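S.K.: Input file: work_5.csv. Contents: CSV, C-alpha atoms.
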```csv
chain,number,residue,atom,x,y,z
S,5,MET,CA,0.0,0.0,0.0
S,6,ALA,CA,1.2,3.5,-0.9
S,7,TRP,CA,0.3,5.9,2.0
S,8,ALA,CA,0.8,9.4,0.8
S,9,PHE,CA,0.7,12.5,3.0
S,10,ILE,CA,-0.4,15.7,1.3
S,11,ASP,CA,0.2,19.1,2.7
S,12,MET,CA,-3.3,20.6,3.0
S,13,MET,CA,-3.4,22.2,6.5
S,14,LYS,CA,-1.0,24.9,7.8
S,15,THR,CA,0.6,22.4,10.1
S,16,ASP,CA,1.2,19.8,7.3
S,17,ASN,CA,4.8,19.4,6.3
S,18,LEU,CA,7.5,16.7,6.1
S,19,GLN,CA,7.9,16.6,9.8
S,20,SER,CA,4.2,16.0,10.5
S,21,ALA,CA,4.0,13.5,7.7
S,22,THR,CA,6.9,11.6,9.1
S,23,GLN,CA,5.3,11.6,12.5
S,24,ALA,CA,2.0,10.3,11.0
S,25,ALA,CA,3.7,7.6,9.1
S,26,ALA,CA,5.4,6.4,12.3
S,27,ARG,CA,2.1,5.5,13.8
S,28,VAL,CA,1.9,2.4,11.7
S,29,ASN,CA,4.8,-0.1,11.5
S,30,ASP,CA,3.9,-2.4,8.6
S,31,ALA,CA,6.5,-3.6,6.0
S,32,ARG,CA,3.7,-3.6,3.3
S,33,LEU,CA,3.5,0.2,3.6
S,34,THR,CA,5.5,2.6,1.4
S,35,THR,CA,5.1,6.2,2.4
S,36,PHE,CA,5.2,9.3,0.3
S,37,HIS,CA,5.1,13.1,0.9
S,38,ASP,CA,3.1,15.2,-1.5
S,39,SER,CA,4.2,18.7,-0.6
S,40,ARG,CA,3.3,20.2,-4.0
S,41,HIS,CA,0.0,18.4,-4.6
S,42,ARG,CA,1.3,16.5,-7.6
S,43,LEU,CA,-0.4,13.3,-6.5
S,44,GLY,CA,-3.5,15.1,-5.2
S,45,ARG,CA,-4.0,16.7,-8.6
S,46,ALA,CA,-3.1,13.5,-10.5
S,47,MET,CA,-5.8,11.6,-8.6
S,48,ALA,CA,-8.3,14.4,-9.1
S,49,ARG,CA,-7.7,14.3,-12.8
S,50,ARG,CA,-8.4,10.5,-12.9
S,51,LEU,CA,-11.7,11.2,-11.3
S,52,GLY,CA,-12.5,14.0,-13.7
S,53,TRP,CA,-12.4,16.7,-11.1
S,54,GLN,CA,-11.6,20.1,-12.6
S,55,HIS,CA,-11.3,22.3,-9.5
S,56,HIS,CA,-10.4,20.1,-6.5
S,57,VAL,CA,-7.3,18.4,-5.2
S,58,ALA,CA,-7.9,14.8,-4.1
S,59,TRP,CA,-7.2,14.1,-0.4
S,60,ASP,CA,-8.7,11.7,2.1
S,61,THR,CA,-9.2,9.6,-1.0
S,62,TYR,CA,-8.4,6.0,-1.6
S,63,PHE,CA,-7.7,4.2,-4.9
S,64,ILE,CA,-7.7,0.4,-5.3
S,65,PHE,CA,-6.1,-1.1,-8.4
S,66,GLY,CA,-6.4,-4.8,-9.5
S,67,PRO,CA,-3.3,-6.9,-10.2
S,68,ALA,CA,-3.5,-6.2,-13.9
S,69,ALA,CA,-3.3,-2.4,-13.6
S,70,ARG,CA,-0.1,-0.9,-15.1
S,71,TRP,CA,1.2,2.6,-15.1
S,72,THR,CA,2.5,2.9,-18.6
S,73,GLY,CA,1.4,6.4,-19.6
S,74,GLU,CA,2.0,9.8,-18.3
S,75,GLU,CA,-1.0,9.7,-16.1
S,76,MET,CA,-1.6,7.2,-13.3
S,77,PRO,CA,-4.2,4.5,-14.2
S,78,VAL,CA,-7.9,4.9,-13.5
S,79,PRO,CA,-8.6,3.0,-10.3
S,80,ASP,CA,-10.8,-0.1,-10.2
S,81,PHE,CA,-12.4,1.1,-7.0
S,82,TRP,CA,-12.3,4.3,-5.0
S,83,ARG,CA,-13.8,6.1,-2.1
S,84,HIS,CA,-13.3,9.5,-0.5
S,85,GLN,CA,-14.1,11.1,2.8
S,86,LEU,CA,-13.7,14.7,1.9
S,87,GLN,CA,-14.3,17.3,4.5
S,88,ASP,CA,-16.2,19.6,2.2
S,89,ARG,CA,-19.0,17.1,2.2
S,90,GLU,CA,-19.0,17.0,6.0
S,91,VAL,CA,-19.1,20.8,6.2
S,92,TRP,CA,-21.9,20.8,3.7
S,93,GLU,CA,-23.9,18.2,5.7
S,94,ARG,CA,-23.8,20.5,8.7
S,95,THR,CA,-25.2,23.5,6.9
S,96,ALA,CA,-27.3,21.9,4.1
S,97,GLU,CA,-30.6,21.7,5.9
S,98,ALA,CA,-30.6,25.4,6.9
S,99,GLU,CA,-29.3,26.4,3.4
S,100,LEU,CA,-31.8,24.4,1.5
S,101,GLY,CA,-34.7,24.5,4.0
S,102,SER,CA,-35.1,20.8,3.5
S,103,THR,CA,-33.7,17.6,4.9
S,104,GLU,CA,-33.3,16.3,1.3
S,105,TRP,CA,-29.8,17.8,1.2
S,106,THR,CA,-28.4,14.8,-0.6
S,107,GLU,CA,-30.3,15.8,-3.7
S,108,ALA,CA,-28.1,18.9,-4.0
S,109,LEU,CA,-24.8,17.4,-2.9
S,110,ALA,CA,-23.4,16.8,-6.4
S,111,GLU,CA,-23.8,20.4,-7.2
S,112,LYS,CA,-21.6,21.4,-4.2
S,113,SER,CA,-18.6,19.2,-4.9
S,114,GLU,CA,-16.9,17.3,-7.5
S,115,ALA,CA,-16.5,14.5,-5.1
S,116,ASP,CA,-19.2,12.1,-6.1
S,117,PRO,CA,-21.4,11.4,-3.0
S,118,ALA,CA,-21.9,7.8,-4.2
S,119,HIS,CA,-18.2,7.3,-3.4
S,120,PHE,CA,-18.2,8.9,0.0
S,121,ALA,CA,-17.6,6.7,3.0
S,122,THR,CA,-16.1,7.3,6.5
S,123,GLY,CA,-15.6,5.3,9.7
S,124,ASP,CA,-16.7,1.7,9.6
S,125,ALA,CA,-18.4,2.2,6.3
S,126,LEU,CA,-15.1,3.2,4.8
S,127,ARG,CA,-13.3,0.2,6.3
S,128,ILE,CA,-16.0,-2.1,5.0
S,129,ALA,CA,-16.1,-0.5,1.5
S,130,LEU,CA,-12.3,-0.7,1.1
S,131,THR,CA,-12.3,-4.4,2.3
S,132,GLU,CA,-14.9,-5.2,-0.3
S,133,GLY,CA,-13.0,-3.2,-3.0
S,134,ILE,CA,-9.8,-5.1,-2.2
S,135,ALA,CA,-11.7,-8.5,-2.4
S,136,GLU,CA,-13.2,-7.4,-5.7
S,137,ALA,CA,-9.9,-6.3,-7.1
S,138,ASN,CA,-8.3,-9.6,-6.0
S,139,SER,CA,-10.9,-11.6,-7.9
S,140,THR,CA,-10.0,-10.0,-11.3
S,141,PRO,CA,-7.8,-12.2,-13.5
S,142,VAL,CA,-4.3,-11.2,-14.3
S,143,PRO,CA,-3.6,-11.4,-18.1
S,144,ALA,CA,-0.7,-13.6,-19.1
S,145,ARG,CA,2.4,-11.6,-20.1
N,21,MET,CA,9.4,8.6,3.3
N,22,GLU,CA,9.8,9.2,-0.4
N,23,THR,CA,9.1,12.7,-1.7
N,24,LEU,CA,6.9,13.5,-4.7
N,25,GLU,CA,8.2,17.1,-4.8
N,26,GLN,CA,9.9,16.8,-8.2
N,27,SER,CA,7.6,14.2,-9.9
N,28,LEU,CA,5.4,11.2,-9.4
N,29,ASP,CA,8.2,8.9,-10.5
N,30,PRO,CA,8.8,7.4,-7.0
N,31,LEU,CA,5.1,6.4,-6.8
N,32,ARG,CA,5.1,5.1,-10.4
N,33,THR,CA,8.2,2.9,-9.6
N,34,TRP,CA,6.4,1.5,-6.6
N,35,PHE,CA,3.3,0.9,-8.6
N,36,GLU,CA,5.1,-1.0,-11.3
N,37,ARG,CA,7.2,-2.9,-8.8
N,38,GLU,CA,4.1,-4.2,-7.2
N,39,ALA,CA,2.3,-5.1,-10.5
N,40,GLY,CA,0.5,-8.4,-10.2
N,41,HIS,CA,-0.8,-7.5,-6.8
N,42,VAL,CA,-3.7,-5.5,-5.6
N,43,ARG,CA,-2.4,-1.9,-4.9
N,44,ILE,CA,-3.9,0.7,-2.7
N,45,VAL,CA,-3.0,4.4,-3.0
N,46,ALA,CA,-4.3,6.4,0.0
N,47,ILE,CA,-3.8,10.2,0.3
N,48,GLN,CA,-4.4,12.0,3.5
N,49,SER,CA,-3.4,15.1,5.4
N,50,PRO,CA,-1.0,14.1,8.1
N,51,THR,CA,-2.8,16.2,10.7
```
For the file at hand, write its structure as structure tokens.

M.R.:
Amino acid sequence: MAWAFIDMMKTDNLQSATQAAARVNDARLTTFHDSRHRLGRAMARRLGWQHHVAWDTYFIFGPAARWTGEEMPVPDFWRHQLQDREVWERTAEAELGSTEWTEALAEKSEADPAHFATGDALRIALTEGIAEANSTPVPAR
Amino acid sequence: METLEQSLDPLRTWFEREAGHVRIVAIQSPT
């Protein structure tokens, strides 16, 4: 797994990224620091977002995926837990005068609400995504 | 910790090295 830390908050930098990475000791992890939003923008482009940098976003690629072009491949599965949705959730009812705020969510963000998950729902979704990706056949080389 | 300051090449190298396996790319703020 590639665990990338992107500088989004004022306190984000190489030092805080290094500290965050140290919380998990797992040889399967490779950590990266995205100080200039190169990866955040690359992931956003793969999702068709024009105006947002991707963060709190998770891509899963099956065994057959290859990175042969300039752009990273399109993921087989993805989820996000973007804060802008959470902020929107807190104000949506007052803003819309309705509890049917999910109807308008797509207009507020490029982050597709159908791919939003957080907490246990995120853990379950990613587990299912990994299982699904694992079941895809790898073409012979 | 590998830096992506100059390019995405370090991530691309990891991605291709792990080809044949399921790969996850997670991006988060560290704080």

S.K.: Quick one: which residues from chain N are at most 6 Å off chain S, using only C-alpha atoms, as a PyMOL selection string?

M.R.: chain N and resi 21-25+39-50

S.K.: Interatomic distance between CA of Pro77 (chain S) and CA of Asn29 (chain S)?

M.R.: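 Distance between the two atoms: 27.6 Å.
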
S.K.: Give the answer as one residue: which of S:Arg32, S:Arg127, S:His55, S:Arg27 has the shortest atom-to-atom distance to Glu38 (chain N), using all atoms listed in the file?

M.R.: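 When distances to Glu38 (chain N) are compared using all atoms listed in the file, the smallest one comes from S:Arg32.
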
S.K.: When you draw a straight line from CA of Ala48 (chain S) to CA of Ala31 (chain S), how long is it in Å?

M.R.: 27.8 Å

S.K.: If I take CA of Leu51 (chain S) and CA of Thr51 (chain N), how far is one from the other in Å, to one decimal?

M.R.: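 Interatomic distance here is 24.3 Å.
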
S.K.: Missing atoms in region 31-54 of chain S: fill them in up to N, CA and C atoms and send the result as a PDB file, in the frame of the given file.

M.R.:
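File written: rebuild.pdb
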```
ATOM      1  N   ALA S  31       5.509  -3.525   7.114  1.00  0.00           N
ATOM      2  CA  ALA S  31       6.500  -3.600   6.000  1.00  0.00           C
ATOM      3  C   ALA S  31       5.777  -3.493   4.651  1.00  0.00           C
ATOM      4  N   ARG S  32       4.457  -3.680   4.618  1.00  0.00           N
ATOM      5  CA  ARG S  32       3.700  -3.600   3.300  1.00  0.00           C
ATOM      6  C   ARG S  32       3.461  -2.148   2.939  1.00  0.00           C
ATOM      7  N   LEU S  33       3.743  -1.211   3.833  1.00  0.00           N
ATOM      8  CA  LEU S  33       3.500   0.200   3.600  1.00  0.00           C
ATOM      9  C   LEU S  33       4.703   0.881   2.950  1.00  0.00           C
ATOM     10  N   THR S  34       4.465   1.662   1.918  1.00  0.00           N
ATOM     11  CA  THR S  34       5.500   2.600   1.400  1.00  0.00           C
ATOM     12  C   THR S  34       4.879   3.985   1.540  1.00  0.00           C
ATOM     13  N   THR S  35       5.623   4.893   2.154  1.00  0.00           N
ATOM     14  CA  THR S  35       5.100   6.200   2.400  1.00  0.00           C
ATOM     15  C   THR S  35       5.662   7.270   1.506  1.00  0.00           C
ATOM     16  N   PHE S  36       4.831   8.255   1.194  1.00  0.00           N
ATOM     17  CA  PHE S  36       5.200   9.300   0.300  1.00  0.00           C
ATOM     18  C   PHE S  36       4.770  10.664   0.870  1.00  0.00           C
ATOM     19  N   HIS S  37       5.481  11.718   0.493  1.00  0.00           N
ATOM     20  CA  HIS S  37       5.100  13.100   0.900  1.00  0.00           C
ATOM     21  C   HIS S  37       4.812  13.903  -0.314  1.00  0.00           C
ATOM     22  N   ASP S  38       3.592  14.430  -0.374  1.00  0.00           N
ATOM     23  CA  ASP S  38       3.100  15.200  -1.500  1.00  0.00           C
ATOM     24  C   ASP S  38       3.004  16.654  -1.173  1.00  0.00           C
ATOM     25  N   SER S  39       4.142  17.326  -1.092  1.00  0.00           N
ATOM     26  CA  SER S  39       4.200  18.700  -0.600  1.00  0.00           C
ATOM     27  C   SER S  39       3.609  19.682  -1.681  1.00  0.00           C
ATOM     28  N   ARG S  40       3.680  19.301  -2.938  1.00  0.00           N
ATOM     29  CA  ARG S  40       3.300  20.200  -4.000  1.00  0.00           C
ATOM     30  C   ARG S  40       1.990  19.791  -4.710  1.00  0.00           C
ATOM     31  N   HIS S  41       1.271  18.871  -4.090  1.00  0.00           N
ATOM     32  CA  HIS S  41       0.000  18.400  -4.600  1.00  0.00           C
ATOM     33  C   HIS S  41       0.043  17.723  -5.946  1.00  0.00           C
ATOM     34  N   ARG S  42       1.214  17.210  -6.271  1.00  0.00           N
ATOM     35  CA  ARG S  42       1.300  16.500  -7.600  1.00  0.00           C
ATOM     36  C   ARG S  42       0.414  15.287  -7.592  1.00  0.00           C
ATOM     37  N   LEU S  43       0.440  14.497  -6.520  1.00  0.00           N
ATOM     38  CA  LEU S  43      -0.400  13.300  -6.500  1.00  0.00           C
ATOM     39  C   LEU S  43      -1.879  13.688  -6.308  1.00  0.00           C
ATOM     40  N   GLY S  44      -2.136  14.659  -5.451  1.00  0.00           N
ATOM     41  CA  GLY S  44      -3.500  15.100  -5.200  1.00  0.00           C
ATOM     42  C   GLY S  44      -4.188  15.540  -6.523  1.00  0.00           C
ATOM     43  N   ARG S  45      -3.419  16.261  -7.331  1.00  0.00           N
ATOM     44  CA  ARG S  45      -4.000  16.700  -8.600  1.00  0.00           C
ATOM     45  C   ARG S  45      -4.088  15.560  -9.600  1.00  0.00           C
ATOM     46  N   ALA S  46      -3.110  14.656  -9.581  1.00  0.00           N
ATOM     47  CA  ALA S  46      -3.100  13.500 -10.500  1.00  0.00           C
ATOM     48  C   ALA S  46      -4.352  12.626 -10.209  1.00  0.00           C
ATOM     49  N   MET S  47      -4.610  12.393  -8.929  1.00  0.00           N
ATOM     50  CA  MET S  47      -5.800  11.600  -8.600  1.00  0.00           C
ATOM     51  C   MET S  47      -7.064  12.293  -8.938  1.00  0.00           C
ATOM     52  N   ALA S  48      -7.107  13.592  -8.720  1.00  0.00           N
ATOM     53  CA  ALA S  48      -8.300  14.400  -9.100  1.00  0.00           C
ATOM     54  C   ALA S  48      -8.565  14.265 -10.582  1.00  0.00           C
ATOM     55  N   ARG S  49      -7.491  14.351 -11.370  1.00  0.00           N
ATOM     56  CA  ARG S  49      -7.700  14.300 -12.800  1.00  0.00           C
ATOM     57  C   ARG S  49      -8.266  12.928 -13.221  1.00  0.00           C
ATOM     58  N   ARG S  50      -7.861  11.863 -12.554  1.00  0.00           N
ATOM     59  CA  ARG S  50      -8.400  10.500 -12.900  1.00  0.00           C
ATOM     60  C   ARG S  50      -9.837  10.378 -12.552  1.00  0.00           C
ATOM     61  N   LEU S  51     -10.310  11.244 -11.668  1.00  0.00           N
ATOM     62  CA  LEU S  51     -11.700  11.200 -11.300  1.00  0.00           C
ATOM     63  C   LEU S  51     -12.528  12.249 -12.074  1.00  0.00           C
ATOM     64  N   GLY S  52     -11.851  12.987 -12.930  1.00  0.00           N
ATOM     65  CA  GLY S  52     -12.500  14.000 -13.700  1.00  0.00           C
ATOM     66  C   GLY S  52     -12.826  15.277 -13.011  1.00  0.00           C
ATOM     67  N   TRP S  53     -12.189  15.489 -11.867  1.00  0.00           N
ATOM     68  CA  TRP S  53     -12.400  16.700 -11.100  1.00  0.00           C
ATOM     69  C   TRP S  53     -11.617  17.846 -11.763  1.00  0.00           C
ATOM     70  N   GLN S  54     -12.246  18.956 -11.948  1.00  0.00           N
ATOM     71  CA  GLN S  54     -11.600  20.100 -12.600  1.00  0.00           C
ATOM     72  C   GLN S  54     -11.032  21.086 -11.562  1.00  0.00           C
TER      73      GLN S  54
END
```
